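Engineer: Handing over input_29.txt, compact mmCIF, C-alpha atoms.
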```txt
# COMPACT_ATOMS: atom_id res chain seq x y z
CA MET A 1 -1.60 20.09 37.30
CA ASP A 2 -0.48 23.60 36.42
CA TYR A 3 -2.54 25.11 33.58
CA ALA A 4 -0.34 28.20 33.13
CA LYS A 5 2.97 26.31 33.03
CA SER A 6 1.51 23.72 30.68
CA LYS A 7 0.21 26.40 28.35
CA GLN A 8 3.60 28.10 28.26
CA ALA A 9 5.25 24.76 27.45
CA LEU A 10 2.76 24.20 24.60
CA VAL A 11 3.36 27.71 23.28
CA ASN A 12 7.11 27.05 23.35
CA GLU A 13 6.64 23.79 21.43
CA ALA A 14 4.46 25.55 18.84
CA SER A 15 7.00 28.34 18.38
CA ALA A 16 9.89 25.89 18.00
CA TYR A 17 7.96 23.88 15.43
CA ALA A 18 7.06 26.98 13.42
CA ASP A 19 10.68 28.17 13.42
CA LYS A 20 11.82 24.85 11.95
CA GLN A 21 9.09 24.76 9.32
CA ARG A 22 9.16 28.36 8.14
CA LYS A 23 11.90 27.63 5.58
CA TYR A 24 9.48 25.47 3.59
CA ALA A 25 7.36 27.20 0.96
CA PHE A 26 4.27 25.15 1.80
CA PHE A 27 4.30 26.17 5.46
CA ARG A 28 1.96 28.95 6.53
CA MET A 29 3.34 30.86 9.51
CA PRO A 30 0.58 31.31 12.13
CA ASP A 31 -0.17 34.77 13.52
CA SER A 32 0.45 33.39 17.01
CA PRO A 33 1.37 30.00 18.50
CA GLU A 34 -2.27 29.53 19.51
CA GLN A 35 -3.26 29.81 15.83
CA SER A 36 -1.08 26.85 14.82
CA GLU A 37 -2.65 24.17 12.64
CA SER A 38 0.17 21.68 13.33
CA LEU A 39 2.09 20.99 16.53
CA LYS A 40 4.95 18.64 17.38
CA ILE A 41 5.62 17.84 21.04
CA MET A 42 9.27 17.10 21.79
CA SER A 43 9.44 17.75 25.56
CA PRO A 44 6.26 16.39 27.17
CA ARG A 45 7.71 16.35 30.70
CA ALA A 46 7.02 20.07 31.02
CA ILE A 47 3.30 19.52 30.33
CA SER A 48 1.13 18.35 33.21
CA THR A 49 -2.19 18.94 31.43
CA TYR A 50 -3.22 19.38 27.80
CA GLU A 51 -6.30 21.41 28.67
CA PRO A 52 -4.67 24.61 27.30
CA LEU A 53 -5.10 23.12 23.83
CA ARG A 54 -8.67 24.42 23.98
CA GLU A 55 -7.09 27.80 23.21
CA PHE A 56 -5.45 26.37 20.05
CA THR A 57 -8.66 26.76 18.08
CA ARG A 58 -7.18 25.88 14.66
CA LEU A 59 -5.14 22.87 15.69
CA LYS A 60 -5.65 19.97 13.28
CA ARG A 61 -2.48 17.86 13.56
CA LEU A 62 -0.64 16.83 16.73
CA GLU A 63 2.51 14.71 16.72
CA PHE A 64 4.61 13.36 19.57
CA GLY A 65 8.35 12.81 19.11
CA THR A 66 10.47 12.03 16.09
CA THR A 67 11.52 8.81 14.39
CA ASP A 68 14.31 6.61 15.79
CA SER A 69 13.82 7.96 19.31
CA LYS A 70 12.06 7.10 22.56
CA MET A 71 9.62 9.22 24.52
CA THR A 72 7.83 8.96 27.85
CA ILE A 73 4.70 11.06 28.26
CA PRO A 74 3.91 11.56 31.96
CA ASP A 75 0.25 12.40 31.45
CA LEU A 76 -2.18 12.94 28.54
CA THR A 77 -4.94 14.25 30.77
CA GLY A 78 -6.85 17.09 29.15
CA LEU A 79 -6.06 16.06 25.58
CA GLU A 80 -9.77 15.93 24.82
CA ALA A 81 -9.70 19.75 25.01
CA ALA A 82 -8.16 19.74 21.51
CA ALA A 83 -11.65 19.77 20.05
CA THR A 84 -10.59 20.61 16.48
CA LEU A 85 -7.91 17.90 16.22
CA LYS A 86 -8.14 15.66 13.13
CA GLN A 87 -4.81 13.82 13.20
CA LEU A 88 -2.87 12.39 16.16
CA SER A 89 0.44 10.55 15.75
CA PHE A 90 3.03 9.04 18.08
CA VAL A 91 6.19 9.00 15.97
CA ALA A 92 8.73 8.07 18.64
CA LYS A 93 8.61 4.78 20.54
CA THR A 94 6.22 6.12 23.14
CA THR A 95 5.06 5.15 26.60
CA VAL A 96 2.17 7.06 28.20
CA LYS A 97 2.21 6.84 32.00
CA ARG A 98 -1.27 8.24 32.67
CA GLY A 99 -4.31 9.58 30.88
CA ILE A 100 -4.19 7.64 27.64
CA GLU A 101 -7.98 7.30 27.83
CA ALA A 102 -8.17 11.03 27.01
CA ILE A 103 -7.75 10.05 23.35
CA ALA A 104 -11.31 8.73 23.45
CA GLY A 105 -12.56 12.29 23.89
CA LEU A 106 -11.24 13.46 20.51
CA LYS A 107 -14.57 13.16 18.71
CA ARG A 108 -13.42 14.92 15.52
CA LEU A 109 -10.31 12.81 15.09
CA GLU A 110 -9.99 11.29 11.60
CA GLU A 111 -6.48 9.78 11.64
CA LEU A 112 -4.81 8.02 14.58
CA TYR A 113 -1.32 6.49 14.38
CA LEU A 114 -0.34 4.32 17.34
CA GLY A 115 2.21 2.17 15.51
CA TYR A 116 5.00 3.28 17.85
CA LEU A 117 3.00 3.23 21.06
CA VAL A 118 4.62 0.48 23.14
CA GLN A 119 1.68 -0.34 25.41
CA GLU A 120 -1.82 -1.71 25.45
CA LEU A 121 -4.98 0.37 25.02
CA PRO A 122 -8.20 0.45 27.02
CA PRO A 123 -10.54 -2.08 25.31
CA ASP A 124 -13.23 0.46 24.37
CA LEU A 125 -10.99 3.40 23.45
CA LEU A 126 -11.06 2.96 19.67
CA SER A 127 -14.74 2.15 19.35
CA SER A 128 -15.57 5.51 20.96
CA LEU A 129 -13.95 7.48 18.11
CA PRO A 130 -16.79 8.01 15.61
CA ARG A 131 -14.87 9.76 12.81
CA VAL A 132 -11.54 7.94 12.67
CA ARG A 133 -10.96 6.70 9.11
CA LYS A 134 -7.25 5.84 9.25
CA LEU A 135 -5.68 3.83 12.07
CA GLY A 136 -2.23 2.38 12.70
CA LEU A 137 -1.57 0.00 15.60
CA SER A 138 1.56 -1.65 17.02
CA ARG A 139 2.34 -5.19 18.15
CA PHE A 140 1.81 -3.96 21.71
CA ASN A 141 -1.77 -2.78 21.22
CA PHE A 142 -3.27 -4.33 18.08
CA ASP A 143 -5.15 -6.94 20.07
CA SER A 144 -6.23 -4.60 22.88
CA PRO A 145 -9.52 -3.37 21.40
CA SER A 146 -12.62 -5.50 21.13
CA ALA A 147 -13.91 -3.28 18.35
CA LEU A 148 -12.47 -0.77 15.90
CA PRO A 149 -13.72 2.77 15.17
CA PRO A 150 -17.16 2.51 13.52
CA SER A 151 -16.18 4.59 10.46
CA LEU A 152 -12.71 3.10 9.97
CA HIS A 153 -11.67 2.96 6.31
CA GLU A 154 -7.96 2.07 6.47
CA LEU A 155 -6.10 -0.12 9.00
CA SER A 156 -2.32 -0.59 9.22
CA LEU A 157 -0.74 -3.32 11.34
CA ASN A 158 2.84 -2.85 10.21
CA PHE A 159 5.02 -5.08 12.38
CA ASN A 160 6.81 -8.38 11.80
CA GLU A 161 5.15 -10.46 14.50
CA LEU A 162 1.71 -10.36 12.90
CA ASP A 163 0.45 -13.92 12.33
CA ARG A 164 -3.27 -13.21 12.56
CA VAL A 165 -5.80 -10.42 12.80
CA PRO A 166 -7.53 -10.43 16.21
CA PRO A 167 -11.21 -11.39 16.38
CA TYR A 168 -12.47 -7.82 16.35
CA ALA A 169 -16.18 -7.19 16.06
CA GLN A 170 -17.20 -7.14 12.40
CA ALA A 171 -15.79 -4.00 10.74
CA PRO A 172 -17.81 -3.51 7.54
CA SER A 173 -16.51 0.02 6.96
CA VAL A 174 -12.87 -1.08 6.47
CA ARG A 175 -11.73 -0.93 2.84
CA LYS A 176 -7.90 -0.96 3.02
CA LEU A 177 -5.51 -3.17 4.98
CA SER A 178 -1.71 -3.03 5.26
CA LEU A 179 -0.26 -5.94 7.23
CA GLY A 180 3.33 -6.76 8.21
CA ALA A 181 6.66 -4.94 8.05
CA GLN A 182 9.75 -6.72 6.75
CA THR A 183 7.55 -9.77 6.64
CA CYS A 184 3.98 -10.80 7.41
CA GLY A 185 3.35 -14.02 9.31
CA LEU A 186 -0.15 -14.84 8.06
CA LYS A 187 -0.54 -18.46 6.96
CA ASP A 188 -3.99 -17.93 5.48
CA LEU A 189 -6.56 -15.16 5.01
CA GLY A 190 -9.13 -16.59 7.40
CA SER A 191 -8.70 -13.97 10.12
CA LEU A 192 -9.50 -11.21 7.60
CA ARG A 193 -13.15 -12.26 7.52
CA VAL A 194 -13.88 -9.54 10.09
CA PHE A 195 -13.44 -7.11 7.16
CA PRO A 196 -16.15 -8.41 4.78
CA ASN A 197 -16.01 -5.32 2.56
CA ALA A 198 -12.22 -5.07 2.25
CA GLU A 199 -11.20 -3.85 -1.21
CA GLU A 200 -7.42 -3.48 -0.93
CA ILE A 201 -5.09 -5.80 0.99
CA ARG A 202 -1.31 -5.32 1.07
CA LEU A 203 0.68 -8.05 2.79
CA LEU A 204 4.37 -7.26 3.21
CA SER A 205 6.38 -10.32 2.20
CA PRO A 206 3.95 -13.01 3.46
CA LYS A 207 6.43 -15.88 3.20
CA LYS A 208 4.24 -18.25 5.23
CA LEU A 209 1.05 -17.66 3.24
CA HIS A 210 0.38 -21.01 1.56
CA ASP A 211 -3.43 -20.92 1.67
CA LEU A 212 -5.52 -18.42 -0.31
CA THR A 213 -8.85 -20.23 -0.01
CA HIS A 214 -10.40 -17.62 2.28
CA ALA A 215 -10.19 -14.98 -0.47
CA ALA A 216 -13.66 -16.16 -1.46
CA GLU A 217 -14.94 -14.65 1.81
CA LEU A 218 -13.82 -11.22 0.59
CA PRO A 219 -16.14 -10.71 -2.40
CA LYS A 220 -15.32 -7.01 -2.83
CA LEU A 221 -11.54 -7.48 -2.91
CA ARG A 222 -10.11 -5.41 -5.79
CA ILE A 223 -6.38 -5.36 -4.99
CA LEU A 224 -4.30 -8.13 -3.45
CA ASP A 225 -0.61 -7.34 -3.01
CA ALA A 226 1.11 -10.45 -1.66
CA ASN A 227 4.61 -10.42 -3.13
CA PHE A 228 6.71 -13.45 -2.12
CA CYS A 229 3.62 -15.46 -1.23
CA PRO A 230 4.73 -19.12 -1.61
CA ALA A 231 1.24 -20.46 -2.38
CA ALA A 232 1.52 -22.87 -5.30
CA ASN A 233 -2.23 -23.11 -5.81
CA LEU A 234 -4.17 -19.96 -6.74
CA GLY A 235 -7.52 -21.74 -6.61
CA GLY A 236 -8.58 -19.56 -3.69
CA LEU A 237 -8.95 -16.73 -6.18
CA ARG A 238 -10.95 -18.82 -8.64
CA GLY A 239 -13.55 -16.78 -10.50
CA HIS A 240 -13.20 -13.84 -8.12
CA PRO A 241 -15.85 -11.34 -9.26
CA ALA A 242 -14.15 -8.10 -8.15
CA LEU A 243 -10.39 -8.71 -8.33
CA GLU A 244 -8.69 -6.03 -10.47
CA GLU A 245 -5.04 -6.15 -9.40
CA LEU A 246 -2.94 -9.10 -8.25
CA ARG A 247 0.73 -8.82 -7.23
CA LEU A 248 2.58 -12.07 -6.53
CA ARG A 249 6.19 -11.17 -7.27
CA GLY A 250 8.51 -14.00 -6.30
CA GLY A 251 5.53 -16.28 -5.67
CA GLY A 252 5.27 -20.06 -5.84
CA ALA A 253 2.50 -20.53 -8.43
CA ARG A 254 3.59 -22.33 -11.62
CA THR A 255 0.32 -21.90 -13.49
CA LEU A 256 -2.74 -19.63 -13.55
CA GLU A 257 -5.34 -22.20 -14.56
CA GLN A 258 -6.70 -22.66 -11.00
CA MET A 259 -7.88 -19.03 -11.02
CA GLY A 260 -10.53 -19.71 -13.63
CA VAL A 261 -12.16 -16.65 -15.20
CA CYS A 262 -11.59 -13.39 -13.30
CA PRO A 263 -13.57 -10.93 -15.45
CA LYS A 264 -12.26 -7.70 -13.92
CA LEU A 265 -8.56 -8.51 -13.52
CA LYS A 266 -6.60 -5.66 -15.14
CA ILE A 267 -3.14 -5.78 -13.54
CA LEU A 268 -1.09 -8.92 -12.94
CA TYR A 269 2.45 -8.90 -11.50
CA LEU A 270 4.18 -12.29 -11.36
CA GLU A 271 7.78 -11.31 -12.02
CA LYS A 272 10.59 -13.55 -10.70
CA SER A 273 8.03 -16.15 -9.66
CA ALA A 274 7.87 -19.89 -10.30
CA LEU A 275 5.38 -19.32 -13.14
CA ALA A 276 6.00 -21.73 -16.02
CA SER A 277 2.80 -21.47 -18.08
CA ILE A 278 0.26 -18.81 -19.07
CA GLU A 279 -1.95 -21.20 -21.02
CA GLY A 280 -5.53 -19.89 -21.15
CA ILE A 281 -4.65 -16.38 -19.99
CA ARG A 282 -6.64 -14.65 -22.74
CA GLU A 283 -9.86 -16.45 -21.84
CA GLN A 284 -9.32 -16.23 -18.09
CA PHE A 285 -8.54 -12.51 -17.86
CA PRO A 286 -10.37 -10.73 -20.71
CA ALA A 287 -9.81 -7.26 -19.20
CA LEU A 288 -6.06 -7.65 -18.57
CA GLY A 289 -4.15 -4.46 -19.36
CA CYS A 290 -0.82 -4.88 -17.54
CA LEU A 291 1.26 -8.05 -17.32
CA TRP A 292 4.69 -8.38 -15.71
CA ILE A 293 6.16 -11.88 -16.01
CA TRP A 294 9.83 -11.06 -16.36
CA GLY A 295 12.32 -13.46 -14.86
CA THR A 296 9.82 -16.36 -14.84
CA LYS A 297 10.11 -19.82 -16.40
CA VAL A 298 7.50 -19.21 -19.11
CA LYS A 299 8.67 -20.64 -22.44
CA ASP A 300 5.53 -20.11 -24.53
CA LEU A 301 4.08 -16.61 -24.88
CA ARG A 302 1.72 -17.48 -27.72
CA PRO A 303 -1.31 -17.60 -25.35
CA LEU A 304 -1.05 -13.78 -25.37
CA THR A 305 -2.11 -13.73 -29.02
CA GLY A 306 -5.02 -11.38 -29.65
CA MET A 307 -5.06 -9.77 -26.19
CA VAL A 308 -5.95 -6.36 -27.62
CA ARG A 309 -6.54 -4.74 -24.21
CA LEU A 310 -2.99 -5.41 -23.07
CA ARG A 311 -1.22 -2.03 -22.71
CA HIS A 312 1.89 -2.83 -20.65
CA LEU A 313 3.95 -6.00 -21.06
CA ASP A 314 7.26 -6.85 -19.36
CA VAL A 315 8.98 -10.05 -20.52
CA THR A 316 12.54 -9.20 -19.54
CA LEU A 317 14.93 -12.19 -19.55
CA LEU A 318 12.46 -14.48 -21.33
CA LYS A 319 13.42 -16.72 -24.23
CA PRO A 320 10.13 -18.01 -25.64
CA LYS A 321 9.62 -20.35 -28.57
CA SER A 322 8.26 -17.56 -30.74
CA TRP A 323 7.69 -13.80 -30.77
CA ASP A 324 5.16 -13.93 -33.61
CA PHE A 325 2.28 -13.04 -31.29
CA LEU A 326 3.50 -9.45 -30.81
CA PRO A 327 1.82 -7.87 -33.90
CA THR A 328 -1.60 -8.96 -32.52
CA LEU A 329 -1.22 -6.83 -29.37
CA ILE A 330 -2.62 -3.71 -31.01
CA GLY A 331 -3.33 -1.94 -27.72
CA LEU A 332 0.24 -2.23 -26.47
CA GLU A 333 1.75 1.06 -25.25
CA ARG A 334 4.75 -0.05 -23.21
CA LEU A 335 6.93 -3.10 -23.87
CA ASP A 336 10.05 -4.30 -22.05
CA LEU A 337 12.12 -6.85 -23.98
CA SER A 338 15.45 -6.25 -22.26
CA LYS A 339 17.85 -9.19 -21.90
CA SER A 340 15.40 -11.39 -23.83
CA SER A 341 15.86 -13.44 -27.00
CA PHE A 342 13.89 -10.91 -29.07
CA SER A 343 15.63 -10.03 -32.35
CA ASP A 344 13.11 -8.89 -35.00
CA VAL A 345 12.14 -5.20 -34.78
CA LYS A 346 9.75 -5.61 -37.74
CA LEU A 347 7.27 -7.30 -35.40
CA LEU A 348 6.78 -3.97 -33.61
CA LEU A 349 6.48 -1.57 -36.54
CA ASP A 350 2.70 -1.87 -37.02
CA LEU A 351 1.63 -1.60 -33.38
CA PRO A 352 -0.42 1.63 -33.51
CA SER A 353 -0.33 2.57 -29.81
CA LEU A 354 3.25 1.64 -28.93
CA ARG A 355 5.10 4.53 -27.26
CA TRP A 356 7.90 3.02 -25.16
CA VAL A 357 10.14 0.02 -25.83
CA ARG A 358 13.22 -1.24 -23.98
CA LEU A 359 15.61 -3.43 -25.97
CA SER A 360 18.67 -3.26 -23.70
CA GLY A 361 20.60 -6.52 -23.78
CA SER A 362 18.27 -8.16 -26.33
CA LEU A 363 19.41 -9.78 -29.59
CA VAL A 364 18.24 -6.84 -31.73
CA GLU A 365 20.87 -5.32 -33.99
CA ARG A 366 21.10 -1.60 -33.34
CA GLY A 367 21.07 1.04 -36.05
CA THR A 368 19.33 -0.96 -38.80
CA ALA A 369 16.68 0.61 -41.04
CA ASP A 370 13.88 -1.06 -39.05
CA TRP A 371 15.46 0.12 -35.81
CA LEU A 372 15.49 3.71 -37.03
CA VAL A 373 11.89 3.50 -38.26
CA LEU A 374 10.73 2.21 -34.87
CA GLU A 375 12.69 4.86 -33.01
CA GLN A 376 11.17 7.61 -35.16
CA LYS A 377 7.62 6.31 -34.68
CA LEU A 378 7.99 6.16 -30.92
CA GLN A 379 9.43 9.67 -30.75
CA LYS A 380 6.56 11.06 -32.83
CA ARG A 381 4.17 9.61 -30.27
CA GLY A 382 6.09 11.26 -27.45
CA GLY A 383 7.74 8.01 -26.44
CA GLU A 384 11.20 6.48 -26.43
CA LEU A 385 13.28 3.53 -27.62
CA VAL A 386 15.56 2.55 -24.74
CA HIS A 387 18.64 0.52 -25.57
CA ALA A 388 21.39 1.56 -23.15
```
Would you encode the structure as structure tokens?

Structural biologist:
Amino acid sequence: MDYAKSKQALVNEASAYADKQRKYAFFRMPDSPEQSESLKIMSPRAISTYEPLREFTRLKRLEFGTTDSKMTIPDLTGLEAAATLKQLSFVAKTTVKRGIEAIAGLKRLEELYLGYLVQELPPDLLSSLPRVRKLGLSRFNFDSPSALPPSLHELSLNFNELDRVPPYAQAPSVRKLSLGAQTCGLKDLGSLRVFPNAEEIRLLSPKKLHDLTHAAELPKLRILDANFCPAANLGGLRGHPALEELRLRGGGARTLEQMGVCPKLKILYLEKSALASIEGIREQFPALGCLWIWGTKVKDLRPLTGMVRLRHLDVTLLKPKSWDFLPTLIGLERLDLSKSSFSDVKLLLDLPSLRWVRLSGSLVERGTADWLVLEQKLQKRGGELVHA
């Protein structure tokens, strides 16, 4: 290993990165390459040791490669010398020939992205990183570790082949999960029990997820984003004490009654789903403030009557039996009625908080006296009547 040649190669990389970034107003040009806070490595073959990074005393972010490319790193030996490093990312599809264990020596590291690393990891590498809060793993290494970093807050497993979370040691510090890429292969939520304190779970198009029963094992879950989940029964979420946001766009549920009373639910997205009934919604979700049910099969919107906390409502494409419930939604701020059967603007004139309404493609006659009154009221509140 040649320290001097490796240092010169690192200096060259730092200079090249600074030259590319200097055109951006947010970039602060360092006084010298060794004073760089960020460094991108594009030619690792010229570097036989990363020990010279000890001289880069302000280095916080280190990135290898660029997207849509491949990179082979001959050796990462000496990387632990980057004692101030907080973020390490492999952006290209990367193979490390030797020295990958040097990552374990980065004791101040807070963010580690290995989503493009196409190889396994030493089993104890991640558990030896005490400060890592954000972690991304690939399909090649997600099941390598026996345990995750002890302070991990956010985990991303963004690849299509994911059908389970490995049986890691319990990870009580984890709060956020992002699973899948174009799709997520989970069939149930059982493998997520290793994250007992998870608060936010985003599943990317989980088209095999038919079973939500294990949600009860995640008592602190606040946000569940599972668009295109085919589960017809939402009983797994029944009476969930912490759930605040549920996104099931394109889902298979026809009714909400299995959910029982969810006292903290504030945001509910069920657009373009199989939903056919919202009977009992007012009693079930007393805190609901945002409801998107456009493009569903719901024919009766009267269960919304008296939901005074509802602020945003999207019922695009719907043709319900009656619109007479609208004047009771006194907290409503934003309303989308586009391409619906709505025709009577008078129903909206006395809503005190209404600021934005879309009527494009509805049955409302434009330019009437009531239309003009509504438009004027919305404009005075800083809002808009959209009709184009």

Engineer: Using only C-alpha atoms, tabulate the residues of region 67-179 of chain A lying at most 10 Å from any atom of region 23-42 of chain A, each with its closest atom pair and that distance in Å to one decimal, by chain and increasing residue number, as CSV.

Structural biologist:
```
residue,atom,partner,partner_atom,distance
A:Met71,CA,A:Met42,CA,8.3
A:Ile73,CA,A:Ile41,CA,9.9
A:Thr84,CA,A:Glu37,CA,9.5
A:Leu85,CA,A:Glu37,CA,8.9
A:Gln87,CA,A:Ser38,CA,9.3
A:Leu88,CA,A:Leu39,CA,9.9
A:Ser89,CA,A:Lys40,CA,9.4
A:Phe90,CA,A:Ile41,CA,9.6
A:Val91,CA,A:Lys40,CA,9.8
A:Ala92,CA,A:Met42,CA,9.6
```

Engineer: Which polymer residues have any atom within 8 Å of an atom of Glu111 (chain A), counting all atoms listed in the file, with same-chain residues fewer than 3 positions away left out, as a ChimeraX atom specification?

Structural biologist: /A:86-88,132-135

Engineer: Could you save the residues just selected, with C-alpha atoms, as a PDB file, in the frame of the given file?

Structural biologist:
```
ATOM      1  CA  LYS A  86      -8.140  15.660  13.130  1.00  0.00           C
ATOM      2  CA  GLN A  87      -4.810  13.820  13.200  1.00  0.00           C
ATOM      3  CA  LEU A  88      -2.870  12.390  16.160  1.00  0.00           C
ATOM      4  CA  VAL A 132     -11.540   7.940  12.670  1.00  0.00           C
ATOM      5  CA  ARG A 133     -10.960   6.700   9.110  1.00  0.00           C
ATOM      6  CA  LYS A 134      -7.250   5.840   9.250  1.00  0.00           C
ATOM      7  CA  LEU A 135      -5.680   3.830  12.070  1.00  0.00           C
TER       8      LEU A 135
END
```

Engineer: Using all atoms listed in the file, which residue out of A:Ile267, A:Leu114, A:Ala16, A:Ala147 lies closest to Leu129 (chain A)?

Structural biologist: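 The answer is A:Ala147, which sits nearest to Leu129 (chain A).
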
Engineer: So how far away is CA of Leu237 (chain A) from CA of Leu212 (chain A), in Å?

Structural biologist: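 Taking CA of Leu212 (chain A) as the start and CA of Leu237 (chain A) as the end point, the length is 7.0 Å.
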
Engineer: What's around Pro172 (chain A) at 6 Å? Count all atoms listed in the file, leave out sequence neighbours fewer than 3 positions away in its own chain, and write the answer as a list in words.

Structural biologist: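 Surrounding residues, per the criterion: Phe195, Pro196 and Asn197 of chain A.
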
Engineer: Generate a file of the selected residues that holds C-alpha atoms, formatted as a JSON list (two decimals), in the frame of the given file.

Structural biologist:
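Wrote out-v3.json, looks like this:
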```
[["chain", "number", "residue", "atom", "x", "y", "z"],
["A", 195, "PHE", "CA", -13.44, -7.11, 7.16],
["A", 196, "PRO", "CA", -16.15, -8.41, 4.78],
["A", 197, "ASN", "CA", -16.01, -5.32, 2.56]]
```

Engineer: My list of candidates is A:Asp344, A:Gly383, A:Leu326, A:Met307. Which is closest to Thr368 (chain A) when distances are computed with all atoms listed in the file?

Structural biologist: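 For Thr368 (chain A), the nearest of the candidates is A:Asp344.
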
Engineer: Between region 146-229 of chain A and region 139-142 of chain A, at 8 Å or less, what are the per-residue closest atom pairs and their distances in Å? Count all atoms listed in the file, order by chain and rising residue number, and return it as a Markdown table.

Structural biologist:
```
| residue | atom | partner | partner_atom | distance |
| --- | --- | --- | --- | --- |
| A:Leu157 | CA | A:Phe142 | CA | 7.3 |
| A:Phe159 | CA | A:Arg139 | CA | 6.4 |
| A:Glu161 | CA | A:Arg139 | CA | 7.0 |
| A:Leu162 | CA | A:Arg139 | CA | 7.4 |
| A:Pro166 | CA | A:Phe142 | CA | 7.7 |
```

Engineer: In Å, rounded to a single decimal, give me how far CA of Arg311 (chain A) is from CA of Arg247 (chain A).

Structural biologist: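 CA of Arg247 (chain A) sits 17.0 Å away from CA of Arg311 (chain A).
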
Engineer: Give the answer as one residue: which of A:Ala46, A:Leu106, A:Leu59, A:Leu53 has the shortest atom-to-atom distance to Asp75 (chain A), using all atoms listed in the file?

Structural biologist: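 Using all atoms listed in the file, the shortest distance to Asp75 (chain A) belongs to A:Ala46.
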
Engineer: For Pro320 (chain A), which of A:Leu291, A:Ala169, A:Ile278, A:Ala216 is the closest residue, counting only C-alpha atoms?

Structural biologist: A:Ile278

Engineer: Near Ile100 (chain A), counting only C-alpha atoms, which residues have an atom at most 9 Å away, once you skip same-chain residues fewer than 5 positions from it, shown as an MDAnalysis selection string?

Structural biologist: chainID A and resid 75:77 79 121:122

Engineer: Grab the CA of Val174 (chain A) to CA of Gly99 (chain A) distance for me, in Å with one decimal place.

Structural biologist: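 For CA of Val174 (chain A) relative to CA of Gly99 (chain A), the distance reads 28.0 Å.
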
Engineer: Between A:Arg309, A:Lys297, A:Arg131, A:Lys321, single out the one closest to Pro150 (chain A), counting all atoms listed in the file.

Structural biologist: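 Checking each candidate against Pro150 (chain A), we get A:Arg131 as the closest.
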
Engineer: Please fill the gaps in region 59-71 of chain A so it has N, CA and C atoms, and write that as a short mmCIF file (atom, residue, chain, number, x, y, z; two decimals), keeping the file's coordinate frame.

Structural biologist:
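Written file, selection-v5.cif:
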```cif
data_model
loop_
_atom_site.label_atom_id
_atom_site.label_comp_id
_atom_site.auth_asym_id
_atom_site.auth_seq_id
_atom_site.Cartn_x
_atom_site.Cartn_y
_atom_site.Cartn_z
N LEU A 59 -6.03 24.03 15.68
CA LEU A 59 -5.14 22.87 15.69
C LEU A 59 -5.80 21.66 15.03
N LYS A 60 -5.13 21.12 14.00
CA LYS A 60 -5.65 19.97 13.28
C LYS A 60 -4.75 18.74 13.41
N ARG A 61 -3.44 18.97 13.54
CA ARG A 61 -2.48 17.86 13.56
C ARG A 61 -1.58 17.97 14.78
N LEU A 62 -1.49 16.89 15.54
CA LEU A 62 -0.64 16.83 16.73
C LEU A 62 0.23 15.59 16.65
N GLU A 63 1.54 15.80 16.85
CA GLU A 63 2.51 14.71 16.72
C GLU A 63 3.43 14.70 17.93
N PHE A 64 3.71 13.51 18.43
CA PHE A 64 4.61 13.36 19.57
C PHE A 64 5.91 12.70 19.13
N GLY A 65 7.04 13.39 19.35
CA GLY A 65 8.35 12.81 19.11
C GLY A 65 8.79 12.82 17.67
N THR A 66 9.91 12.16 17.43
CA THR A 66 10.47 12.03 16.09
C THR A 66 10.94 10.60 15.90
N THR A 67 11.15 10.20 14.67
CA THR A 67 11.52 8.81 14.39
C THR A 67 12.87 8.45 15.02
N ASP A 68 13.06 7.14 15.23
CA ASP A 68 14.31 6.61 15.79
C ASP A 68 14.64 7.22 17.16
N SER A 69 13.61 7.42 17.97
CA SER A 69 13.82 7.96 19.31
C SER A 69 12.81 7.33 20.26
N LYS A 70 12.99 7.58 21.55
CA LYS A 70 12.06 7.10 22.56
C LYS A 70 11.49 8.29 23.33
N MET A 71 10.26 8.13 23.79
CA MET A 71 9.62 9.22 24.52
C MET A 71 8.72 8.64 25.61
#
```
